[in-house]
file run-v6.pdb (PDB, C-alpha atoms)
ATOM      1  CA  MET X   1      29.951 122.339 -19.511  1.00  0.00           C
ATOM      2  CA  THR X   2      32.240 123.844 -22.130  1.00  0.00           C
ATOM      3  CA  GLU X   3      31.464 122.597 -25.644  1.00  0.00           C
ATOM      4  CA  ILE X   4      33.738 121.714 -28.539  1.00  0.00           C
ATOM      5  CA  LEU X   5      32.105 121.775 -31.968  1.00  0.00           C
ATOM      6  CA  VAL X   6      32.853 118.570 -33.917  1.00  0.00           C
ATOM      7  CA  LEU X   7      31.873 119.575 -37.445  1.00  0.00           C
ATOM      8  CA  TYR X   8      32.118 117.257 -40.430  1.00  0.00           C
ATOM      9  CA  TYR X   9      30.945 116.180 -43.848  1.00  0.00           C
ATOM     10  CA  SER X  10      30.678 112.433 -44.462  1.00  0.00           C
ATOM     11  CA  ARG X  11      29.649 110.688 -47.661  1.00  0.00           C
ATOM     12  CA  THR X  12      30.087 107.005 -46.779  1.00  0.00           C
ATOM     13  CA  GLY X  13      29.976 107.225 -42.981  1.00  0.00           C
ATOM     14  CA  LYS X  14      33.666 106.821 -42.110  1.00  0.00           C
ATOM     15  CA  VAL X  15      34.248 110.512 -41.355  1.00  0.00           C
ATOM     16  CA  ALA X  16      31.099 110.424 -39.214  1.00  0.00           C
ATOM     17  CA  GLN X  17      32.584 107.495 -37.281  1.00  0.00           C
ATOM     18  CA  LEU X  18      35.827 109.435 -36.798  1.00  0.00           C
ATOM     19  CA  ALA X  19      33.774 112.428 -35.619  1.00  0.00           C
ATOM     20  CA  ARG X  20      32.123 110.326 -32.919  1.00  0.00           C
ATOM     21  CA  LEU X  21      35.553 109.079 -31.784  1.00  0.00           C
ATOM     22  CA  VAL X  22      36.883 112.656 -31.657  1.00  0.00           C
ATOM     23  CA  ALA X  23      33.794 113.565 -29.604  1.00  0.00           C
ATOM     24  CA  ARG X  24      34.557 110.718 -27.166  1.00  0.00           C
ATOM     25  CA  GLY X  25      38.049 112.128 -26.724  1.00  0.00           C
ATOM     26  CA  VAL X  26      36.633 115.581 -26.010  1.00  0.00           C
ATOM     27  CA  GLU X  27      34.375 114.156 -23.331  1.00  0.00           C
ATOM     28  CA  GLU X  28      37.271 112.396 -21.581  1.00  0.00           C
ATOM     29  CA  VAL X  29      38.301 115.852 -20.313  1.00  0.00           C
ATOM     30  CA  PRO X  30      36.416 116.947 -17.169  1.00  0.00           C
ATOM     31  CA  GLY X  31      33.973 119.781 -17.795  1.00  0.00           C
ATOM     32  CA  MET X  32      34.080 119.398 -21.590  1.00  0.00           C
ATOM     33  CA  SER X  33      31.405 118.116 -23.958  1.00  0.00           C
ATOM     34  CA  ALA X  34      31.150 117.667 -27.717  1.00  0.00           C
ATOM     35  CA  ARG X  35      28.547 119.204 -30.009  1.00  0.00           C
ATOM     36  CA  LEU X  36      28.285 117.063 -33.186  1.00  0.00           C
ATOM     37  CA  ARG X  37      27.208 118.880 -36.344  1.00  0.00           C
ATOM     38  CA  SER X  38      27.369 118.187 -40.083  1.00  0.00           C
ATOM     39  CA  VAL X  39      27.038 120.174 -43.299  1.00  0.00           C
ATOM     40  CA  PRO X  40      24.514 119.450 -46.070  1.00  0.00           C
ATOM     41  CA  PRO X  41      25.613 118.174 -49.493  1.00  0.00           C
ATOM     42  CA  VAL X  42      25.920 120.593 -52.396  1.00  0.00           C
ATOM     43  CA  ALA X  43      25.252 120.114 -56.107  1.00  0.00           C
ATOM     44  CA  ALA X  44      26.031 122.037 -59.285  1.00  0.00           C
ATOM     45  CA  VAL X  45      22.299 122.320 -60.004  1.00  0.00           C
ATOM     46  CA  THR X  46      19.868 122.526 -57.118  1.00  0.00           C
ATOM     47  CA  GLU X  47      16.162 122.052 -57.803  1.00  0.00           C
ATOM     48  CA  SER X  48      15.056 121.997 -54.176  1.00  0.00           C
ATOM     49  CA  ALA X  49      16.585 122.981 -50.872  1.00  0.00           C
ATOM     50  CA  GLN X  50      17.823 120.398 -48.403  1.00  0.00           C
ATOM     51  CA  PRO X  51      15.488 119.857 -45.424  1.00  0.00           C
ATOM     52  CA  PRO X  52      16.527 121.891 -42.366  1.00  0.00           C
ATOM     53  CA  VAL X  53      17.209 118.681 -40.429  1.00  0.00           C
ATOM     54  CA  PRO X  54      19.029 115.708 -42.008  1.00  0.00           C
ATOM     55  CA  GLU X  55      17.280 112.340 -42.181  1.00  0.00           C
ATOM     56  CA  ASP X  56      19.958 110.761 -39.981  1.00  0.00           C
ATOM     57  CA  GLY X  57      23.195 111.679 -38.256  1.00  0.00           C
ATOM     58  CA  ALA X  58      24.149 114.964 -36.662  1.00  0.00           C
ATOM     59  CA  PRO X  59      22.071 118.133 -37.189  1.00  0.00           C
ATOM     60  CA  TYR X  60      23.304 120.692 -39.704  1.00  0.00           C
ATOM     61  CA  VAL X  61      25.625 123.363 -38.349  1.00  0.00           C
ATOM     62  CA  SER X  62      24.569 126.974 -37.767  1.00  0.00           C
ATOM     63  CA  ALA X  63      26.556 130.156 -37.210  1.00  0.00           C
ATOM     64  CA  GLU X  64      25.429 130.037 -33.572  1.00  0.00           C
ATOM     65  CA  ASP X  65      27.277 126.742 -33.106  1.00  0.00           C
ATOM     66  CA  LEU X  66      30.546 128.470 -33.992  1.00  0.00           C
ATOM     67  CA  GLY X  67      29.954 131.335 -31.585  1.00  0.00           C
ATOM     68  CA  GLU X  68      28.838 129.165 -28.684  1.00  0.00           C
ATOM     69  CA  CYS X  69      31.680 126.634 -28.785  1.00  0.00           C
ATOM     70  CA  ALA X  70      35.120 127.012 -27.242  1.00  0.00           C
ATOM     71  CA  GLY X  71      36.940 124.980 -29.907  1.00  0.00           C
ATOM     72  CA  LEU X  72      36.498 123.157 -33.194  1.00  0.00           C
ATOM     73  CA  ALA X  73      37.305 119.752 -34.680  1.00  0.00           C
ATOM     74  CA  LEU X  74      36.792 119.816 -38.450  1.00  0.00           C
ATOM     75  CA  GLY X  75      36.465 116.651 -40.558  1.00  0.00           C
ATOM     76  CA  SER X  76      36.117 115.820 -44.241  1.00  0.00           C
ATOM     77  CA  PRO X  77      36.764 112.985 -46.655  1.00  0.00           C
ATOM     78  CA  THR X  78      39.585 113.615 -49.103  1.00  0.00           C
ATOM     79  CA  ARG X  79      38.722 114.867 -52.577  1.00  0.00           C
ATOM     80  CA  PHE X  80      41.845 114.930 -54.745  1.00  0.00           C
ATOM     81  CA  GLY X  81      44.030 115.950 -51.819  1.00  0.00           C
ATOM     82  CA  ASN X  82      41.609 118.584 -50.554  1.00  0.00           C
ATOM     83  CA  MET X  83      38.510 118.879 -48.364  1.00  0.00           C
ATOM     84  CA  ALA X  84      35.143 117.963 -49.889  1.00  0.00           C
ATOM     85  CA  ALA X  85      33.079 120.691 -51.555  1.00  0.00           C
ATOM     86  CA  PRO X  86      30.225 120.730 -48.987  1.00  0.00           C
ATOM     87  CA  LEU X  87      32.598 121.574 -46.134  1.00  0.00           C
ATOM     88  CA  LYS X  88      34.471 124.162 -48.220  1.00  0.00           C
ATOM     89  CA  HIS X  89      31.134 125.683 -49.252  1.00  0.00           C
ATOM     90  CA  PHE X  90      30.160 126.110 -45.605  1.00  0.00           C
ATOM     91  CA  ILE X  91      33.517 127.646 -44.719  1.00  0.00           C
ATOM     92  CA  ASP X  92      33.155 130.066 -47.637  1.00  0.00           C
ATOM     93  CA  THR X  93      29.959 131.448 -46.049  1.00  0.00           C
ATOM     94  CA  LEU X  94      31.759 132.538 -42.866  1.00  0.00           C
ATOM     95  CA  GLY X  95      32.708 136.059 -43.928  1.00  0.00           C
ATOM     96  CA  ALA X  96      30.726 137.665 -41.102  1.00  0.00           C
ATOM     97  CA  GLU X  97      32.319 135.367 -38.522  1.00  0.00           C
ATOM     98  CA  TRP X  98      35.768 136.182 -39.923  1.00  0.00           C
ATOM     99  CA  ALA X  99      35.066 139.939 -39.790  1.00  0.00           C
ATOM    100  CA  SER X 100      33.769 139.787 -36.214  1.00  0.00           C
ATOM    101  CA  GLY X 101      36.496 137.440 -34.929  1.00  0.00           C
ATOM    102  CA  THR X 102      34.089 134.724 -33.780  1.00  0.00           C
ATOM    103  CA  LEU X 103      36.773 132.010 -33.907  1.00  0.00           C
ATOM    104  CA  VAL X 104      39.850 134.013 -32.933  1.00  0.00           C
ATOM    105  CA  GLY X 105      41.904 132.326 -30.217  1.00  0.00           C
ATOM    106  CA  LYS X 106      39.881 129.106 -30.168  1.00  0.00           C
ATOM    107  CA  PRO X 107      41.745 125.765 -30.511  1.00  0.00           C
ATOM    108  CA  ALA X 108      41.037 123.636 -33.586  1.00  0.00           C
ATOM    109  CA  GLY X 109      42.063 120.280 -35.041  1.00  0.00           C
ATOM    110  CA  VAL X 110      41.283 118.386 -38.247  1.00  0.00           C
ATOM    111  CA  PHE X 111      40.536 114.811 -39.353  1.00  0.00           C
ATOM    112  CA  THR X 112      39.963 112.946 -42.633  1.00  0.00           C
ATOM    113  CA  SER X 113      39.434 109.613 -44.387  1.00  0.00           C
ATOM    114  CA  THR X 114      40.896 108.403 -47.695  1.00  0.00           C
ATOM    115  CA  SER X 115      40.545 105.303 -49.852  1.00  0.00           C
ATOM    116  CA  THR X 116      44.290 104.669 -50.044  1.00  0.00           C
ATOM    117  CA  MET X 117      47.306 105.185 -47.794  1.00  0.00           C
ATOM    118  CA  HIS X 118      48.733 107.827 -50.122  1.00  0.00           C
ATOM    119  CA  GLY X 119      45.406 109.300 -51.188  1.00  0.00           C
ATOM    120  CA  GLY X 120      46.088 112.825 -49.948  1.00  0.00           C
ATOM    121  CA  GLN X 121      45.464 112.583 -46.202  1.00  0.00           C
ATOM    122  CA  GLU X 122      48.130 115.057 -45.177  1.00  0.00           C
ATOM    123  CA  SER X 123      47.370 117.608 -47.906  1.00  0.00           C
ATOM    124  CA  THR X 124      43.669 117.430 -47.015  1.00  0.00           C
ATOM    125  CA  LEU X 125      44.412 118.023 -43.345  1.00  0.00           C
ATOM    126  CA  LEU X 126      46.676 120.947 -44.233  1.00  0.00           C
ATOM    127  CA  SER X 127      44.033 122.387 -46.601  1.00  0.00           C
ATOM    128  CA  MET X 128      41.486 122.371 -43.764  1.00  0.00           C
ATOM    129  CA  MET X 129      43.924 124.214 -41.502  1.00  0.00           C
ATOM    130  CA  LEU X 130      44.360 127.162 -43.877  1.00  0.00           C
ATOM    131  CA  PRO X 131      40.928 128.798 -43.428  1.00  0.00           C
ATOM    132  CA  LEU X 132      41.120 128.106 -39.686  1.00  0.00           C
ATOM    133  CA  LEU X 133      44.375 130.072 -39.548  1.00  0.00           C
ATOM    134  CA  HIS X 134      42.681 132.916 -41.420  1.00  0.00           C
ATOM    135  CA  HIS X 135      40.021 132.874 -38.713  1.00  0.00           C
ATOM    136  CA  GLY X 136      42.715 133.204 -36.027  1.00  0.00           C
ATOM    137  CA  MET X 137      42.282 129.729 -34.584  1.00  0.00           C
ATOM    138  CA  LEU X 138      45.024 127.870 -32.697  1.00  0.00           C
ATOM    139  CA  ILE X 139      45.873 124.640 -34.513  1.00  0.00           C
ATOM    140  CA  VAL X 140      46.259 121.478 -32.418  1.00  0.00           C
ATOM    141  CA  GLY X 141      47.826 118.345 -33.892  1.00  0.00           C
ATOM    142  CA  ILE X 142      48.914 114.958 -32.567  1.00  0.00           C
ATOM    143  CA  PRO X 143      52.468 114.766 -31.171  1.00  0.00           C
ATOM    144  CA  TYR X 144      54.768 111.795 -31.607  1.00  0.00           C
ATOM    145  CA  THR X 145      54.690 111.323 -27.845  1.00  0.00           C
ATOM    146  CA  GLU X 146      51.403 109.547 -28.633  1.00  0.00           C
ATOM    147  CA  ALA X 147      52.581 105.926 -29.033  1.00  0.00           C
ATOM    148  CA  ALA X 148      49.924 105.009 -31.601  1.00  0.00           C
ATOM    149  CA  LEU X 149      51.331 107.600 -33.999  1.00  0.00           C
ATOM    150  CA  ASN X 150      54.664 105.764 -34.042  1.00  0.00           C
ATOM    151  CA  ARG X 151      53.238 102.282 -34.580  1.00  0.00           C
ATOM    152  CA  THR X 152      50.254 102.861 -36.891  1.00  0.00           C
ATOM    153  CA  THR X 153      50.301 101.046 -40.223  1.00  0.00           C
ATOM    154  CA  THR X 154      46.958 102.563 -41.214  1.00  0.00           C
ATOM    155  CA  GLY X 155      45.875 106.189 -40.698  1.00  0.00           C
ATOM    156  CA  GLY X 156      47.105 108.806 -38.273  1.00  0.00           C
ATOM    157  CA  THR X 157      49.376 111.811 -38.818  1.00  0.00           C
ATOM    158  CA  PRO X 158      50.869 114.612 -36.721  1.00  0.00           C
ATOM    159  CA  TYR X 159      48.547 116.982 -38.647  1.00  0.00           C
ATOM    160  CA  GLY X 160      45.405 115.253 -37.415  1.00  0.00           C
ATOM    161  CA  ALA X 161      43.469 112.012 -37.151  1.00  0.00           C
ATOM    162  CA  SER X 162      42.824 109.945 -40.275  1.00  0.00           C
ATOM    163  CA  HIS X 163      41.484 106.643 -41.594  1.00  0.00           C
ATOM    164  CA  VAL X 164      42.453 104.521 -44.608  1.00  0.00           C
ATOM    165  CA  ASP X 165      39.189 103.056 -45.904  1.00  0.00           C
ATOM    166  CA  GLY X 166      40.495 100.798 -48.685  1.00  0.00           C
ATOM    167  CA  ALA X 167      39.654 100.890 -52.383  1.00  0.00           C
ATOM    168  CA  SER X 168      36.319  99.143 -51.811  1.00  0.00           C
ATOM    169  CA  GLY X 169      35.430 101.342 -48.828  1.00  0.00           C
ATOM    170  CA  ASP X 170      34.909  98.492 -46.407  1.00  0.00           C
ATOM    171  CA  ARG X 171      37.957  98.636 -44.156  1.00  0.00           C
ATOM    172  CA  PRO X 172      36.987  99.186 -40.500  1.00  0.00           C
ATOM    173  CA  ILE X 173      38.619 101.891 -38.430  1.00  0.00           C
ATOM    174  CA  SER X 174      41.737 100.340 -36.892  1.00  0.00           C
ATOM    175  CA  GLU X 175      42.543 100.398 -33.189  1.00  0.00           C
ATOM    176  CA  ASP X 176      45.379 102.886 -33.753  1.00  0.00           C
ATOM    177  CA  GLU X 177      43.094 105.126 -35.816  1.00  0.00           C
ATOM    178  CA  LYS X 178      40.514 105.022 -33.007  1.00  0.00           C
ATOM    179  CA  ILE X 179      43.133 105.916 -30.397  1.00  0.00           C
ATOM    180  CA  LEU X 180      44.456 108.809 -32.477  1.00  0.00           C
ATOM    181  CA  ALA X 181      40.976 110.226 -33.189  1.00  0.00           C
ATOM    182  CA  ARG X 182      40.191 110.207 -29.471  1.00  0.00           C
ATOM    183  CA  CYS X 183      43.614 111.718 -28.774  1.00  0.00           C
ATOM    184  CA  LEU X 184      42.870 114.610 -31.131  1.00  0.00           C
ATOM    185  CA  GLY X 185      39.555 115.367 -29.418  1.00  0.00           C
ATOM    186  CA  LYS X 186      41.163 115.144 -26.003  1.00  0.00           C
ATOM    187  CA  ARG X 187      44.011 117.502 -26.996  1.00  0.00           C
ATOM    188  CA  ILE X 188      41.598 120.120 -28.337  1.00  0.00           C
ATOM    189  CA  ALA X 189      39.524 119.914 -25.140  1.00  0.00           C
ATOM    190  CA  GLU X 190      42.592 120.037 -22.882  1.00  0.00           C
ATOM    191  CA  THR X 191      43.883 123.073 -24.751  1.00  0.00           C
ATOM    192  CA  CYS X 192      40.513 124.814 -24.304  1.00  0.00           C
ATOM    193  CA  SER X 193      40.565 123.960 -20.605  1.00  0.00           C
ATOM    194  CA  ARG X 194      44.087 125.336 -20.127  1.00  0.00           C
ATOM    195  CA  LEU X 195      43.265 128.550 -21.969  1.00  0.00           C
ATOM    196  CA  ALA X 196      40.134 129.060 -19.881  1.00  0.00           C
ATOM    197  CA  ALA X 197      42.133 128.549 -16.654  1.00  0.00           C
ATOM    198  CA  ARG X 198      44.566 131.304 -17.679  1.00  0.00           C
ATOM    199  CA  ALA X 199      41.870 133.799 -18.662  1.00  0.00           C
TER
END

call {"tool": "encode", "arguments": {"input": "run-v6.pdb", "output": "structure tokens"}}
result
Amino acid sequence: MTEILVLYYSRTGKVAQLARLVARGVEEVPGMSARLRSVPPVAAVTESAQPPVPEDGAPYVSAEDLGECAGLALGSPTRFGNMAAPLKHFIDTLGAEWASGTLVGKPAGVFTSTSTMHGGQESTLLSMMLPLLHHGMLIVGIPYTEAALNRTTTGGTPYGASHVDGASGDRPISEDEKILARCLGKRIAETCSRLAARA
């Protein structure tokens, strides 16, 4: 099986839910499987290190995960129109992987969750793409040939999958958001499969 790394940071659980939907989309492609990983939180002052394994959810990511996977789906909640600090912190540690070309030529896509419809979804998705481009990755989005992208009244963009959580954080992931998250995972996996067939 060829693995796609589905890597995310989630504070309230909605990005984690999107990650599992992206993973389902990956696994709809024959011969492909998803490897779910998360990043630990960060703080301005750290008195003790995080445990090596989180209490719940996906295990923390390692550099080996990046090298062993054929593609990447990267997810984060929106923080003022940008990715959350824990995910950015992890990306900032990847100098050795950048220098060695670990991610060059691998397909990647991005996903996010915001409180409001205009809370910075698209700028967050674009901000997550920038370091992936520096790493030489091939960015995969969601085309408008996907019907749910044309009819959604919640999340979903051509830049990647998204969810609008509502100001109180209790809005469930809509059917269109679910479809588009799975679509993103499937497109990344299909792109990996096509590239492998041409190699």

call {"tool": "resolve_selection", "arguments": {"input": "run-v6.pdb", "expression": "the PyMOL selection byres ((chain X and resi 3-6) around 6)", "output": "PyMOL selection string"}}
result
chain X and resi 2+7+32-36+69-73

call {"tool": "residues_around", "arguments": {"input": "run-v6.pdb", "residues": "segment 15-17 of chain X", "least_positions_apart": "2", "cutoff": "9 Å", "atoms": "only C-alpha atoms", "output": "list of chain:residue names"}}
result
X:Tyr8, X:Tyr9, X:Ser10, X:Arg11, X:Thr12, X:Gly13, X:Ala19, X:Arg20, X:Leu21, X:Val22, X:Ser38, X:Gly57, X:Ala58, X:Gly75, X:Ser76, X:Pro77, X:Phe111, X:Thr112, X:Ser113, X:Ser162, X:His163, X:Ile173

call {"tool": "resolve_selection", "arguments": {"input": "run-v6.pdb", "expression": "the PyMOL selection byres ((chain X and resi 61) around 7)", "output": "number ranges by chain"}}
result
X: 37-39, 59-60, 62-63, 65

call {"tool": "resolve_selection", "arguments": {"input": "run-v6.pdb", "expression": "the PyMOL selection byres ((chain X and resi 91) around 12)", "output": "VMD selection string"}}
result
chain X and resid 7 to 9 39 61 to 63 66 74 83 to 90 92 to 98 127 to 132 134 to 135

call {"tool": "atom_distance", "arguments": {"input": "run-v6.pdb", "atom1": "atom CA of Thr102 of chain X", "atom2": "atom CA of Gly160 of chain X"}}
result
22.8 Å

call {"tool": "closest_residue", "arguments": {"input": "run-v6.pdb", "among": "X:Val110, X:Arg187, X:Thr157, X:Gly169", "to": "Leu18 of chain X", "atoms": "all atoms listed in the file"}}
result
X:Val110

call {"tool": "closest_residue", "arguments": {"input": "run-v6.pdb", "among": "X:Glu55, X:Pro172, X:Arg182, X:Leu133", "to": "Gly101 of chain X", "atoms": "only C-alpha atoms"}}
result
X:Leu133

call {"tool": "atom_distance", "arguments": {"input": "run-v6.pdb", "atom1": "atom CA of Arg79 of chain X", "atom2": "atom CA of Pro143 of chain X"}}
result
25.4 Å

call {"tool": "atom_distance", "arguments": {"input": "run-v6.pdb", "atom1": "atom CA of Val104 of chain X", "atom2": "atom CA of Gly67 of chain X"}}
result
10.3 Å

call {"tool": "closest_residue", "arguments": {"input": "run-v6.pdb", "among": "X:Gly81, X:Pro107, X:Gly155, X:Gly31", "to": "Ser123 of chain X", "atoms": "all atoms listed in the file"}}
result
X:Gly81

call {"tool": "residues_near_point", "arguments": {"input": "run-v6.pdb", "point": "(53.5, 112.3, -27.3)", "cutoff": "12 Å", "atoms": "all atoms listed in the file", "output": "PDB file with C-alpha atoms, in the frame of the given file"}}
result
ATOM      1  CA  GLY X 141      47.826 118.345 -33.892  1.00  0.00           C
ATOM      2  CA  ILE X 142      48.914 114.958 -32.567  1.00  0.00           C
ATOM      3  CA  PRO X 143      52.468 114.766 -31.171  1.00  0.00           C
ATOM      4  CA  TYR X 144      54.768 111.795 -31.607  1.00  0.00           C
ATOM      5  CA  THR X 145      54.690 111.323 -27.845  1.00  0.00           C
ATOM      6  CA  GLU X 146      51.403 109.547 -28.633  1.00  0.00           C
ATOM      7  CA  ALA X 147      52.581 105.926 -29.033  1.00  0.00           C
ATOM      8  CA  ALA X 148      49.924 105.009 -31.601  1.00  0.00           C
ATOM      9  CA  LEU X 149      51.331 107.600 -33.999  1.00  0.00           C
ATOM     10  CA  ASN X 150      54.664 105.764 -34.042  1.00  0.00           C
ATOM     11  CA  PRO X 158      50.869 114.612 -36.721  1.00  0.00           C
ATOM     12  CA  LEU X 180      44.456 108.809 -32.477  1.00  0.00           C
ATOM     13  CA  CYS X 183      43.614 111.718 -28.774  1.00  0.00           C
ATOM     14  CA  LEU X 184      42.870 114.610 -31.131  1.00  0.00           C
ATOM     15  CA  ARG X 187      44.011 117.502 -26.996  1.00  0.00           C
TER      16      ARG X 187
END

call {"tool": "axis_aligned_box", "arguments": {"input": "run-v6.pdb", "around": "segment 97-108 of chain X", "padding_each_side": "8 Å", "output": "lines of an AutoDock Vina configuration file"}}
result
center_x = 37.1
center_y = 131.8
center_z = -35.0
size_x = 25.6
size_y = 32.3
size_z = 25.8
